[in-house]
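Asker: Please read through the structure below; I'll follow up with questions.
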Amino acid sequence: MLDIQLLRNNIDGVAERLATRGFTLDRSAFQALESERKSLQTRTQELQANRNSLSKQVGVLKSRGEDAAAVMAQVAALKDELEANEVRLGELLKELDAFLSGLPNLPQDSVPIGRSDADNVEIRRWRVPRRFDFAVKDHVDLGEGIGQLDFATAAKIAGTRFSLMRGELARLHRVLAQFMLDTHVTQHGYTEVYAPYLVNAASLTGTGQLPKFEEDLFKILRADAEPLYLIPTAEVPVTNIVRNEILAADELPLKLVCHTPCFRSEAGSYGRDTRGMIRQHQFDKVELVQIVAAGDSLAAHEELTGHAERILEMLDLPYRRVTLCTGDIGFSSAKTYDLEVWLPAQQAYREISSCSNFEAFQARRMQARCRNERNKIELVHTLNGSGLAVGRTLVAIMENFQNADGSISVPEVLRPYLGGTERISAR
RNA sequence: GGAGACGUGGCCGAGAGGUCGAAGGCACUCCCCUGCUAAGGGAGCAUGCGGGCAUAAACCUGCAUCAAGGGUUCAAAUCCCUUCGUCUCCGCCA
C-alpha cells in the first residue's frame with residue numbers, strides 16, 4: 001500500500017511513476033473520494049466532539065442530582081445527522097482503502113523502464129554453460145529414465161501439475177532443502193523458522209496477495225470458521241511475524257529462512273510449462289526474509305540476492321542475474337532481481353529465484369514498525385527472495401549434471417548429505 | 001468433542017454504566033541530587049487516523065481504539081450477542 005500522504009501531496013508524481021509500470025492512476029476518482037472524505041470526516045468528528053462533551057455534562061448534572069433532560073434532548077437532536085455521517089464515512093473509508101489497496105508499489109529509480117520481460121536487463125552471468133558431446137535429455141526423460149520421477153502416478157493421485165519422486169531422486173530433493181537451510185543459517189546469519197502452511201486472509205492482505213490475487217491461491221472453506229489459504233510462498237507466514245508489531249531498534253535486522261511447500265493454483269497459465277516440474281501446484285522452496293530499518297533496505301537487497309546466488313555457485317549451476325523492468329515487476333515490489341539458471345534441454349535461462357525489496361509497501365499494510373535512533377516510530381522495510389526454489393534446483397541439477405548414459409552426477413557439496421553417493425542412476 | 005474461567009498500555013495489574021485513554025507498580029527516557037557496582041527526588045512515557053498545515057520536524061488540537069465485530073444507552077473497558085484467542089479439567093489423539 002502506498003502512503004496516502006504521497007497521493008495527497010504529489011498525485012502527478014505518483015501517476016507518472018505508476019505509468020512506467022503500465023498502471024493508469026485514476027486521479028479524478030482519488031481526488032473525488034479524498035475531498036468528500038475530508039469534509040465528511042471533519043464534520044463527523046465535530047459532531048462526535050459535541051456529543052461527547054454534552055454527554056459528559058449529563059454525567060456531571062446527574063451526579064449533582066440536577067435535571068439533565070434539556071442536555072439529553074440536545075444530544076438526541078445530534079443523533080440522526082451523526083449516524084448518517086458515520087455510516088457514509090465508514091463506506092467512504094472502505095472505498096478509499098480499496099482504491100489504495102489496488103495500487104501497485106512505486107518502482108525505484110534504478111529499475112529499467114519497460115513493458116514486458118523482454119525489457120528486463122541482464123546484470124551479469126556466472127559460469128559458461130557446459131558443452132555436451134551427446135544429445136541432452138530434459139529432466140522428465142532423465143527422471144523417468146531412471147524410474148524415479150513419475151508424473152502419471154501423480155496425476156492419478158492428485159491431477160496435473162503434481163509430481164511424484166521415489167528413491168534417490170526423492171532423497172536428493174529433500175537434501176537440497178537441507179543444504180540450502182544449513183548454508184543460510186551457518187554462513188549467512190539467518191534464523192531458521194518453521195511456520196504454518198495455512199494462513200488467514202489478514203496475513204495474505206499484509207503481504208499483498210489479497211485482495212487482488214485470490215484466484216492464484218488454494219482456499220480452504222470451513223463450515224464454522226474463517227477460510228484458510230494454502231501458502232503460495234513462505235513469504236506470507238514469515239513476513240507476517242511482524243504484523244502489528246513495533247520492534248526495538250536493536251532487534252533489526254531480522255534475517256529469517258524458512259523451508260515450506262508452496263501451493264499455487266496457476267490459474268491463467270494453462271498452456272505454459274505443462275511438461276515437467278517447472279510449474280507445479282505444489283513445490284518446495286527455501287525462502288529468505290529480511291525485516292530491516294528503512295535506511296538499510298537497498299544494501300539488504302543486494303546482500304540477500306547474493307545469498308541466493310551463493311547457493312547456485314556452491315552447486316556449480318550456471319546462472320545470470322536480471323533486473324526486472326517496470327512492466328514485469330511484481331505488484332508489491334519496488335525492485336526485483338531474478339536469478340535465472342541455465343537449463344540445457346531448453347537452451348535457456350529460467351527463473352529459479354526472485355529477490356525483491358518491498359520497502360514500506362507491505363509494512364504499511366501490516367503496520368509493521370520499529371523505533372529509530374530517536375525513538376520515533378517508523379515503518380520497517382521488508383524483503384524476500386527464494387534461496388532457492390527446490391524443485392527447479394533439482395531440475396537444474398538433473399539437466400546440467402546428466403551423463404551420456406542417462407545417470408545424474410551429484411554436485412560435490414551435496415555428497416556428504418547423501419552418504420557419499422556420487423551419481424544417481426537406475427537401480 | 002464436553003464443561004468452566006479469562007482476554008485492559010512494552011510488562012504486571014486496578015477499574016464492574018458517567019468527569020476513564022484508563023489508578024498503582026515495573027521497565028524506559030530526560031533532569032536534579034549523590035558519588036559508587038546502588039539509592040532518592042522531579043518530569044515524561046500507547047497506537048491509528050484527521051485538522052491547524054503550505055515540504056519535514058516540533059508543537060497544538062479532534063476522533064477512534066481496553067482481543068475483533070455488532071447491539072443497548074444521552075453516555076460502554078464496564079451490560080447483551082457473535083467471532084477469535086488463551087488457560088484449566090474430562091474425553092480423544094500423532
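Labels used: A, B, ... for chains in the order of the C-alpha cells, numbers from 1 for residues in each chain, and numbers from 1 for ligands as shown.
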Could I get the residues of chain A with an atom no further than 7 Å from an atom of chain B, each paired with its nearest atom pair and that distance in Å to one decimal, using only C-alpha atoms (C1' of nucleotides), sorted by chain and residue number, as JSON lines?
Answerer:
{"residue": "A:Gln45", "atom": "CA", "partner": "B:C63", "partner_atom": "C1'", "distance": 5.4}
{"residue": "A:Ser55", "atom": "CA", "partner": "B:A75", "partner_atom": "C1'", "distance": 5.5}
{"residue": "A:Lys56", "atom": "CA", "partner": "B:U19", "partner_atom": "C1'", "distance": 6.4}
{"residue": "A:Gly59", "atom": "CA", "partner": "B:G18", "partner_atom": "C1'", "distance": 4.5}
{"residue": "A:Val60", "atom": "CA", "partner": "B:U19", "partner_atom": "C1'", "distance": 6.7}
{"residue": "A:Met72", "atom": "CA", "partner": "B:C74", "partner_atom": "C1'", "distance": 4.8}
{"residue": "A:Val75", "atom": "CA", "partner": "B:C74", "partner_atom": "C1'", "distance": 5.9}
{"residue": "A:Ala76", "atom": "CA", "partner": "B:C74", "partner_atom": "C1'", "distance": 6.6}
Asker: Could you write out the selected residues, including all heavy atoms, as a PDB file, in the first residue's frame?
Answerer:
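Result file selection08.pdb:
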ATOM      1  N   GLN A  45     -16.309  14.315  13.004  1.00  0.00           N
ATOM      2  CA  GLN A  45     -15.558  14.458  14.245  1.00  0.00           C
ATOM      3  C   GLN A  45     -16.075  15.617  15.089  1.00  0.00           C
ATOM      4  O   GLN A  45     -16.082  15.558  16.319  1.00  0.00           O
ATOM      5  CB  GLN A  45     -14.071  14.645  13.932  1.00  0.00           C
ATOM      6  CG  GLN A  45     -13.448  13.390  13.342  1.00  0.00           C
ATOM      7  CD  GLN A  45     -11.936  13.447  13.283  1.00  0.00           C
ATOM      8  OE1 GLN A  45     -11.334  14.467  13.585  1.00  0.00           O
ATOM      9  NE2 GLN A  45     -11.322  12.346  12.896  1.00  0.00           N
ATOM     10  N   SER A  55     -22.538  14.710  26.598  1.00  0.00           N
ATOM     11  CA  SER A  55     -22.774  13.527  27.426  1.00  0.00           C
ATOM     12  C   SER A  55     -22.036  13.634  28.753  1.00  0.00           C
ATOM     13  O   SER A  55     -22.520  13.159  29.778  1.00  0.00           O
ATOM     14  CB  SER A  55     -22.313  12.265  26.686  1.00  0.00           C
ATOM     15  OG  SER A  55     -23.242  11.958  25.677  1.00  0.00           O
ATOM     16  N   LYS A  56     -20.868  14.259  28.702  1.00  0.00           N
ATOM     17  CA  LYS A  56     -20.157  14.486  29.951  1.00  0.00           C
ATOM     18  C   LYS A  56     -20.962  15.403  30.862  1.00  0.00           C
ATOM     19  O   LYS A  56     -21.023  15.183  32.077  1.00  0.00           O
ATOM     20  CB  LYS A  56     -18.777  15.089  29.680  1.00  0.00           C
ATOM     21  CG  LYS A  56     -17.698  14.048  29.606  1.00  0.00           C
ATOM     22  CD  LYS A  56     -16.321  14.640  29.384  1.00  0.00           C
ATOM     23  CE  LYS A  56     -15.352  13.528  29.012  1.00  0.00           C
ATOM     24  NZ  LYS A  56     -14.031  14.049  28.618  1.00  0.00           N
ATOM     25  N   GLY A  59     -23.543  13.557  32.719  1.00  0.00           N
ATOM     26  CA  GLY A  59     -22.968  12.842  33.853  1.00  0.00           C
ATOM     27  C   GLY A  59     -22.748  13.749  35.046  1.00  0.00           C
ATOM     28  O   GLY A  59     -23.077  13.407  36.188  1.00  0.00           O
ATOM     29  N   VAL A  60     -22.211  14.942  34.763  1.00  0.00           N
ATOM     30  CA  VAL A  60     -21.944  15.895  35.839  1.00  0.00           C
ATOM     31  C   VAL A  60     -23.246  16.305  36.518  1.00  0.00           C
ATOM     32  O   VAL A  60     -23.362  16.291  37.748  1.00  0.00           O
ATOM     33  CB  VAL A  60     -21.199  17.132  35.287  1.00  0.00           C
ATOM     34  CG1 VAL A  60     -21.111  18.216  36.346  1.00  0.00           C
ATOM     35  CG2 VAL A  60     -19.817  16.735  34.796  1.00  0.00           C
ATOM     36  N   MET A  72     -29.871  16.216  27.529  1.00  0.00           N
ATOM     37  CA  MET A  72     -30.101  14.944  26.840  1.00  0.00           C
ATOM     38  C   MET A  72     -30.874  15.146  25.545  1.00  0.00           C
ATOM     39  O   MET A  72     -30.625  14.459  24.544  1.00  0.00           O
ATOM     40  CB  MET A  72     -30.839  13.964  27.765  1.00  0.00           C
ATOM     41  CG  MET A  72     -29.900  13.360  28.815  1.00  0.00           C
ATOM     42  SD  MET A  72     -30.759  12.482  30.138  1.00  0.00           S
ATOM     43  CE  MET A  72     -31.392  11.067  29.256  1.00  0.00           C
ATOM     44  N   VAL A  75     -28.445  16.235  22.850  1.00  0.00           N
ATOM     45  CA  VAL A  75     -27.673  15.129  22.283  1.00  0.00           C
ATOM     46  C   VAL A  75     -28.533  14.344  21.306  1.00  0.00           C
ATOM     47  O   VAL A  75     -28.093  13.987  20.206  1.00  0.00           O
ATOM     48  CB  VAL A  75     -27.159  14.175  23.382  1.00  0.00           C
ATOM     49  CG1 VAL A  75     -26.210  13.168  22.783  1.00  0.00           C
ATOM     50  CG2 VAL A  75     -26.475  14.954  24.480  1.00  0.00           C
ATOM     51  N   ALA A  76     -29.772  14.109  21.727  1.00  0.00           N
ATOM     52  CA  ALA A  76     -30.667  13.333  20.878  1.00  0.00           C
ATOM     53  C   ALA A  76     -30.836  14.010  19.529  1.00  0.00           C
ATOM     54  O   ALA A  76     -30.943  13.345  18.488  1.00  0.00           O
ATOM     55  CB  ALA A  76     -32.020  13.159  21.571  1.00  0.00           C
TER      56      ALA A  76
END
Asker: Report the residues of segment 63-307 of chain A whose backbone DSSP state falls under strand (DSSP E or B), written as a ChimeraX atom specification.
Answerer: /A:121-126,149,165,191-193,198-199,219-222,225-230,246-247,254-263,282-292
Asker: Could you list, as a VMD selection string, every residue within 7 Å of Lys285 of chain A, counting only C-alpha atoms (C1' of nucleotides) and ignoring same-chain residues fewer than 3 positions away?
Answerer: chain A and resid 259 to 262 386 388 to 390
Asker: What's around Phe213 of chain A at 12 Å? Count only C-alpha atoms (C1' of nucleotides), leave out sequence neighbours fewer than 4 positions away in its own chain, and write the answer as a ChimeraX atom specification.
Answerer: /A:101-102,201,204-205,207-209,217-219,232,264-268,330-332
Asker: Could you give me, as number ranges by chain, the residues within 7 Å of segment 129-146 of chain A, counting only C-alpha atoms (C1' of nucleotides) and dropping anything in the same chain fewer than 5 positions from it?
Answerer: A: 276, 318, 342, 345, 395, 398-399, 404, 406, 425-426
Asker: With a distance cut-off of 12 Å and only C-alpha atoms (C1' of nucleotides), select the neighbouring residues of Gly420 of chain A, excluding the residue or stretch itself and same-chain residues fewer than 4 positions from it, and output the selection as a compact mmCIF listing (two decimals) with N, CA, C and O atoms, in the first residue's frame.
Answerer:
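Written output follows (out-v7.txt):
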# COMPACT_ATOMS: atom_id res chain seq x y z
N LEU A 172 17.45 -36.76 -2.91
CA LEU A 172 18.21 -35.60 -3.39
C LEU A 172 17.38 -34.32 -3.22
O LEU A 172 17.88 -33.27 -2.79
N SER A 409 25.08 -37.01 -12.14
CA SER A 409 26.14 -36.84 -11.14
C SER A 409 25.61 -35.93 -10.03
O SER A 409 24.79 -35.05 -10.27
N VAL A 410 26.11 -36.15 -8.82
CA VAL A 410 25.68 -35.36 -7.68
C VAL A 410 26.71 -34.24 -7.44
O VAL A 410 27.91 -34.53 -7.36
N PRO A 411 26.29 -32.98 -7.36
CA PRO A 411 27.24 -31.90 -7.07
C PRO A 411 28.01 -32.19 -5.78
O PRO A 411 27.44 -32.72 -4.82
N GLU A 412 29.29 -31.80 -5.80
CA GLU A 412 30.19 -32.11 -4.67
C GLU A 412 29.58 -31.79 -3.31
O GLU A 412 29.63 -32.60 -2.39
N VAL A 413 29.06 -30.57 -3.18
CA VAL A 413 28.62 -30.14 -1.84
C VAL A 413 27.48 -30.99 -1.30
O VAL A 413 27.22 -30.98 -0.09
N LEU A 414 26.77 -31.71 -2.18
CA LEU A 414 25.62 -32.48 -1.70
C LEU A 414 26.00 -33.91 -1.30
O LEU A 414 25.25 -34.59 -0.62
N ARG A 415 27.18 -34.33 -1.72
CA ARG A 415 27.55 -35.74 -1.49
C ARG A 415 27.55 -36.12 -0.02
O ARG A 415 27.05 -37.20 0.33
N PRO A 416 28.06 -35.25 0.85
CA PRO A 416 28.02 -35.62 2.28
C PRO A 416 26.59 -35.82 2.79
O PRO A 416 26.36 -36.59 3.73
N ILE A 424 23.46 -40.71 -9.50
CA ILE A 424 22.15 -41.35 -9.35
C ILE A 424 21.77 -41.98 -10.69
O ILE A 424 21.82 -41.32 -11.73
Asker: Leaving out segment 23-29 of chain A and any residue of its chain fewer than 5 positions from it, which residues lie within 12 Å of it when counting only C-alpha atoms (C1' of nucleotides), given as an MDAnalysis selection string?
Answerer: chainID A and resid 7:8 10:18 34:36 95:96 99:100 102:107 115 326:329 331
Asker: When DSSP works through the backbone of this structure, what residues of segment 274-381 of chain A end up as helix (DSSP H, G or I), shown as a ChimeraX atom specification?
Answerer: /A:294-314,361-366
Asker: Could you check how far atom CA of Glu378 of chain A sits from atom CA of Arg364 of chain A, in Å to one decimal?
Answerer: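 According to the coordinates, atom CA of Glu378 of chain A and atom CA of Arg364 of chain A are separated by 9.7 Å.
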Asker: Please measure the separation of atom CA of Asp284 of chain A and atom CA of Asn244 of chain A, giving the value in Å to one decimal.
Answerer: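 Distance between the two atoms: 28.1 Å.
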Asker: Please measure the separation of atom CA of Tyr337 of chain A and atom CA of Ser353 of chain A, giving the value in Å to one decimal.
Answerer: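 So the answer is 8.2 Å.
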